Structure formats: C-alpha cells, structure tokens
Amino acid sequence: MTSTSSDLPAALQEAITRRHVHDGTAHAIVSTELKIIHCSADFGRFLPENTAQIEGSLLTSLFAEFIGSEPYLRALLHNPDEHYAIKRVNRTAPDDSVHYLDLELTGFDPQRPELGWLFTIRDTTEVGRLEQSLIQERNQLRLARRELALVNRELSRLDQLKTIFLSMAAHDIRAPLTVIRGYVEILTSMAEINPVDIDFDEFAAFLNTIRVQTDWLDNIINNILGLDQIENDQLVLHIVPCDLNSIIMDMCDMMQATAKLNQRTLTCSPADHPVIIPGDHQRLQQILQNVIGNGIKYNQTGGKVHISLSTSPEFAILTVTDNGVGIAQDQLPHIFELYYRTESAQKSQVRGTGLGLFIVKTLVEAHKGTIEVKSTIKSGTTFTICLPLLLKK
Amino acid sequence: MRTVQKKVCMLGDFAVGKTSTVQRFVEGIFDDRYLSTIGVKINRKQLTVDDYVATLLIWDLAGGDDFSSVTQSYLRGASGALLVCDVTRAESLALVERYAAQIRSVTPSASLILLGNKIDLTAQRTVSDSDLEAFSKRINCGWLTTSAKTGQNVDQAFVQLTLQIIAKSHLAEHDDPAT
Ligand SMILES: Nc1nc2c(ncn2[C@@H]2O[C@H](COP(=O)(O)OP(=O)(O)OP(=O)(O)O)[C@@H](O)[C@H]2O)c(=O)[nH]1
Ligand SMILES: [Mg+2]
C-alpha cells in the first residue's frame, strides 16, 4: 500500500509544507515507495541548484546516501523504537567549502505503516566543522607522537651502536699498540744484549712493522676525529688543486708495507698524466687509506688489491678492486651506513668499527663526487669513486 | 550490457589514504595535504567491467579506532569494502581485522579487498607483502599494494572489488535491492 498526501492528517501536512527553516532543519514526507510527497518550504536549499523537481522524486535519486538501505528502511516502518540516521554527510559547496548534514528517517506511525516516513535534514555545519578540527588535531598529534617515538628509537639504537663502537675502537687501538710495544721491547733488548751483532735487515723489518702499526693507529684516530666533525656539522675541507695521480701513487707506496705484512699484493695503474682535482689533500688520503685498507683487510692470504685511475672529460675515475670475500647483495645498500658491518665482516676475525665507509662516502660527497660499489660474494669487490676534475676556465 | 549500482565503503585507520584513494580513482588527482574526514562523503563513479556498467557509490568514512554504533550505521547496505592500511604504519594493519569483523557483522556477504597503501614510500615501508598475504588469509579476502600518490593499482582495486561483488550477486538467489 502506498501513502498519499490525503492519508496524512491535514494539520501535519500543512505544518510541514509551511515550515520555514529557522533552526537549520527541513522536513519532508516520504511515501512507502520512497517518493517525496511533501516538503517544507526551503527543503530545496539542501539540494543542488539544478534540481528540477522535488515532490514526486525518489528519495534515493536526491539522496544517494539511502541507496542500498531500502530493505532496512521498510523494516523501520513497523518499528516504533527505531529511526535511520546518517550523521555528518559531507557536502562540498561550489566554493569548495565543506558543509555537514544529518539525515534522519522515522516511520510516522508503527500502527499505520502505510503513512510512510518523516524525513528530517539538519544542517550541522557549525558543529561538524568544530568536530572536524578537533579530530584533525587529535590525528595529527597521534602522527607526531608516533614520529617522535620512531626518532627516539633510532636515537637509542645509535646510542647503543656508539657504545659498541667505543669498545671496538678501544680494542682496535690496543691491538696495534700491543704490537708496537712488543717490537719496541724486542728492539730494546736486541740493542742491550748484543749491540754489535745486530742484524740490520731484521732490525729494519721490525721498525717497518712498527711504522705500519702506527699508520693504522693514525687511520683509526683520523676516522674517529672525522666522525666527530661530521656529526657536529664541522667538516671543513681545505680545497686546493691536488694531483690525485700522485696522491694515489704515494698512498700505494705507503700501504705496501701493510699489504706485505698481511700477505697481500697491492698494485697500482696510475694515469699517465697528472689528474688535477679541487680537493683536500689529507681527506683524499683518508678516503684512499680506508678503501685500500678494506681491500687488504677483507681478503685472504695471497689476495690482490688493485688501484687504477683514469679520467673522463669531467671526472677522475678511481677504482679499487680486490679479490676478497665480497659482500652479499642484500647488504650492499647498507655498507655506507654509520657503524654498519656486514654479516661476513662480523663473523670474520677482522676487527672494524663500521666507520670507514661512512666516512669515505661523506668525504667523497663533500668533494661533490660519487661512490659506487659492485661485489660478488667470494670473488671480490670494486669501489668506483668519481671526483670532478678541476676544469680550466 | 547490464547496469548495476553498488554501495562500497572505504575502511581503515586514520590517515592511511582512504580519501586520497577515492580522489585518485574518481578525480584522478592527489593532494599532499591531510584533511581528516568526519562522517561520510559519497562519491559516484561509473565503470565498465565484463558486460556490466557498474555505478559505484563510494562511501568514504572517517578512520580511526572508533567502532561505535554510528560507524555501524554507515555500513548498512554495503556490497563491499576496501580495507585500507598504510604500509609504513604496521599498527594500521592490525586495525583492519576489526574493520573486517565490523562490516561482516552488518553485511555478512560483503566482498572485501585489503589494500596496503603508500607503497611509493619504499624506504619507510614496515608492512611487507608477506604480512599482507598472511593478514588477508586470516580475514579471507584478496589484497593489493597501492599508491594514491602515483595511482599504482588504484583502478585495479575498484575493478577487482566490483568484479567480486558482481560474481557474488550472480550466485545469490535473489537480486540485491541496490541493483
Ligand atoms: N606518499 C603517499 N602519501 C599518501 C598516499 N595516500 C595518502 N597519502 C597522504 O596521507 C595523508 C592522509 O591521507 P588521507 O587520504 O586524508 O587519509 P584518510 O585515510 O582519508 O584519513 P582519515 O580521513 O583521517 O581517516 C595525506 O597527507 C595524503 O596526502 C600515498 O599513496 N602515498
Ligand atoms: Mg579521509
């Protein structure tokens, strides 16, 4: 059975029809076929401007919010305690501002379901906007709190790593010191016991070992100081024109002793001309010492490390290749992170602080250069460093 | 061609990208700014799948952990839902289970698809494919990774959901009144 306007008490019809919005609400009478039969005078203000006809239209064609809920609505007609409400329906005005409406359908009379529903629209824009800004604040606060917790977690991870690093650094410093002390004692007793019969070759070899260990100590301390400067944003480069070719040759000579002591072969193919780049001489040495040092450290007896330098029109291209233990593919993206040590490095007997490559990358980038790494496990690793040439103006 | 009209809901924790996903699908745009939704915003979009012209009424709802009766009332008559989580916030995945339970309690036959959104934020990702796979098994639905920012898989998400809904209504004995 369908409700018609004549089924409704005349006074109610009249009241609804004449009703003007003073409190932001509008009403309509909806038939059991879900058609709007009567509506209050300015019901139309809640509809798009081009809405041609209100009375006689399907409720669902004017308010898509009710599509899909029809079976539930019908059940409502027989239930005096229930009504159907959709709160804070968003409507975007032509000026892009958001308005909020509460929509509500209530059966007129559970005893007479054929009368249909009373439909109420309430403009809740004011309270809706308040609610929106509260929820926005709450959500943003939650996001910020979460962000803070993440940063905190990262800070305490770094703090933990720093503690580990300190004990490693202490150990790293002690190891060459122990060697130095041992050789100094041997040399002293050699000189005390039989100064006349000293084997000078042996004496020189011992002194050389001491020099290698001192260089190593120097490297560790430079890295620690370098880290401190990087962390405190105090990394200052003293840029002057540098011949990278001669730095490489010098460095290769300097590190021969370390290579020999570890039973590795260190070779160098320099360019056949000076390669001038704007750089900090000492920092460039530090870069090389770390990369070559790694090639020597993470290698086996008889292993090889090769340095070569070439140029492109704009860059000096330096490669350091070893045939050592290699780095697993999944660890490659992390090797330049601070304190990072690969799994194989951690398992190996080789001690390290996880500082070297972090400092290398930072220094290369401070020279406006790039560093790349390619590696195959058990075959070796190649680092390629590109540094901009000093271009003639 | 047959025409159908279906109500689908966007459900998930706050700021996971429900509104952005709808905006990408309906208007083809993305906005970096975050404006929390309250209540419901309905968008309409027509798409053609198989030999159907389907009009989706997409209910974009407020996110968060409020599972009150008000939220319940928004879910009536829905044929399906996209359950959205943010792959950079693992806790947003946990909430999906409660949303799935809630919509199933209102409309047990609703088709669901789990979306791992913000897949473009690779470096911050904490929810893996296998997490999504395991979770979707638990709540018995399919899953996709999406990005409202780049548009990756957004159309596919709605198309797949529509296909599932149509397949289900084929199986149903009587037609859905929203059809
Ligand atoms: N990078 C990225 N950001 C996104 C993506 N989707 C959404 N966002 C951003 O995430 C924030 C939240 O997006 P919304 O779409 O408003 O999230 P919502 O789920 O609707 O949030 P509530 O309405 O509060 O429930 C906004 O700043 C968006 O720009 C995405 O795929 N990638
Ligand atoms: Mg939203």
# chains A, B, ... in the order shown; residues from 1 in each chain; ligands from 1
>>> select_by_dssp(residues="chain B", states="strand (DSSP E or B)", output="PyMOL selection string")
chain B and resi 2-12+40-49+52-61+80-86+111-117+142-145
>>> interface_residues(of="chain A", to="chain B", cutoff="8 Å", atoms="only C-alpha atoms", output="PyMOL selection string")
chain A and resi 64-65+67-71+85-91+128+131-132+135-136+139
>>> closest_residue(among="B:Val96, B:Val84, B:Gly28, B:Tyr52", to="ligand 2", atoms="only C-alpha atoms and all ligand atoms")
B:Val84
>>> atom_distance(atom1="atom CA of Leu93 of chain B", atom2="atom CA of Leu56 of chain B")
25.1 Å
>>> atom_distance(atom1="atom CA of Gly107 of chain A", atom2="atom CA of Leu47 of chain A")
22.6 Å
>>> closest_residue(among="A:Leu187, A:Ile29, A:Ala316, A:Leu155", to="Phe108 of chain A", atoms="only C-alpha atoms")
A:Ile29
>>> residues_around(residues="Ala148 of chain B", least_positions_apart="6", cutoff="6 Å", atoms="only C-alpha atoms", output="MDAnalysis selection string")
chainID B and resid 20:21 24
>>> closest_residue(among="B:Leu132, B:Val4, B:Val154, B:Val106", to="ligand 1", atoms="only C-alpha atoms and all ligand atoms")
B:Val154
>>> residues_around(residues="Ala366 of chain A", least_positions_apart="5", cutoff="10 Å", atoms="only C-alpha atoms", output="ChimeraX atom specification")
/A:235-237,279-280,283,360-361
>>> write_last_selection(atoms="N, CA, C and O atoms", output="mmCIF file, in the first residue's frame")
data_model
loop_
_atom_site.group_PDB
_atom_site.id
_atom_site.type_symbol
_atom_site.label_atom_id
_atom_site.label_comp_id
_atom_site.auth_asym_id
_atom_site.auth_seq_id
_atom_site.Cartn_x
_atom_site.Cartn_y
_atom_site.Cartn_z
ATOM 1 N N LEU A 235 82.588 19.578 9.466
ATOM 2 C CA LEU A 235 83.526 19.092 8.460
ATOM 3 C C LEU A 235 83.909 20.247 7.539
ATOM 4 O O LEU A 235 83.082 20.779 6.811
ATOM 5 N N VAL A 236 85.166 20.636 7.640
ATOM 6 C CA VAL A 236 85.626 21.741 6.787
ATOM 7 C C VAL A 236 86.723 21.195 5.874
ATOM 8 O O VAL A 236 87.669 20.566 6.349
ATOM 9 N N LEU A 237 86.554 21.385 4.575
ATOM 10 C CA LEU A 237 87.584 20.921 3.646
ATOM 11 C C LEU A 237 88.473 22.100 3.255
ATOM 12 O O LEU A 237 87.984 23.209 3.058
ATOM 13 N N GLY A 279 90.508 19.580 -4.212
ATOM 14 C CA GLY A 279 90.307 18.658 -3.107
ATOM 15 C C GLY A 279 91.100 19.030 -1.879
ATOM 16 O O GLY A 279 91.929 19.940 -1.888
ATOM 17 N N ASP A 280 90.813 18.286 -0.811
ATOM 18 C CA ASP A 280 91.542 18.439 0.441
ATOM 19 C C ASP A 280 92.526 17.270 0.503
ATOM 20 O O ASP A 280 92.121 16.109 0.621
ATOM 21 N N ARG A 283 92.220 14.698 3.289
ATOM 22 C CA ARG A 283 90.961 13.944 3.226
ATOM 23 C C ARG A 283 90.990 12.942 2.086
ATOM 24 O O ARG A 283 90.439 11.845 2.199
ATOM 25 N N VAL A 360 84.153 7.589 4.232
ATOM 26 C CA VAL A 360 84.553 7.673 2.825
ATOM 27 C C VAL A 360 83.439 8.329 2.009
ATOM 28 O O VAL A 360 83.667 9.276 1.261
ATOM 29 N N LYS A 361 82.201 7.837 2.197
ATOM 30 C CA LYS A 361 81.085 8.364 1.403
ATOM 31 C C LYS A 361 80.869 9.855 1.716
ATOM 32 O O LYS A 361 80.680 10.671 0.816
#
>>> closest_residue(among="B:Ala101, B:Ala157, B:Leu144, B:Cys85", to="Asp129 of chain B", atoms="only C-alpha atoms")
B:Leu144
>>> select_by_dssp(residues="chain B", states="alpha helix (DSSP H)", output="ChimeraX atom specification")
/B:18-27,69-74,90-106,129-138,154-171
>>> residues_around(residues="Ser246 of chain A", least_positions_apart="5", cutoff="9 Å", atoms="only C-alpha atoms", output="ChimeraX atom specification")
/A:251,270,274-275
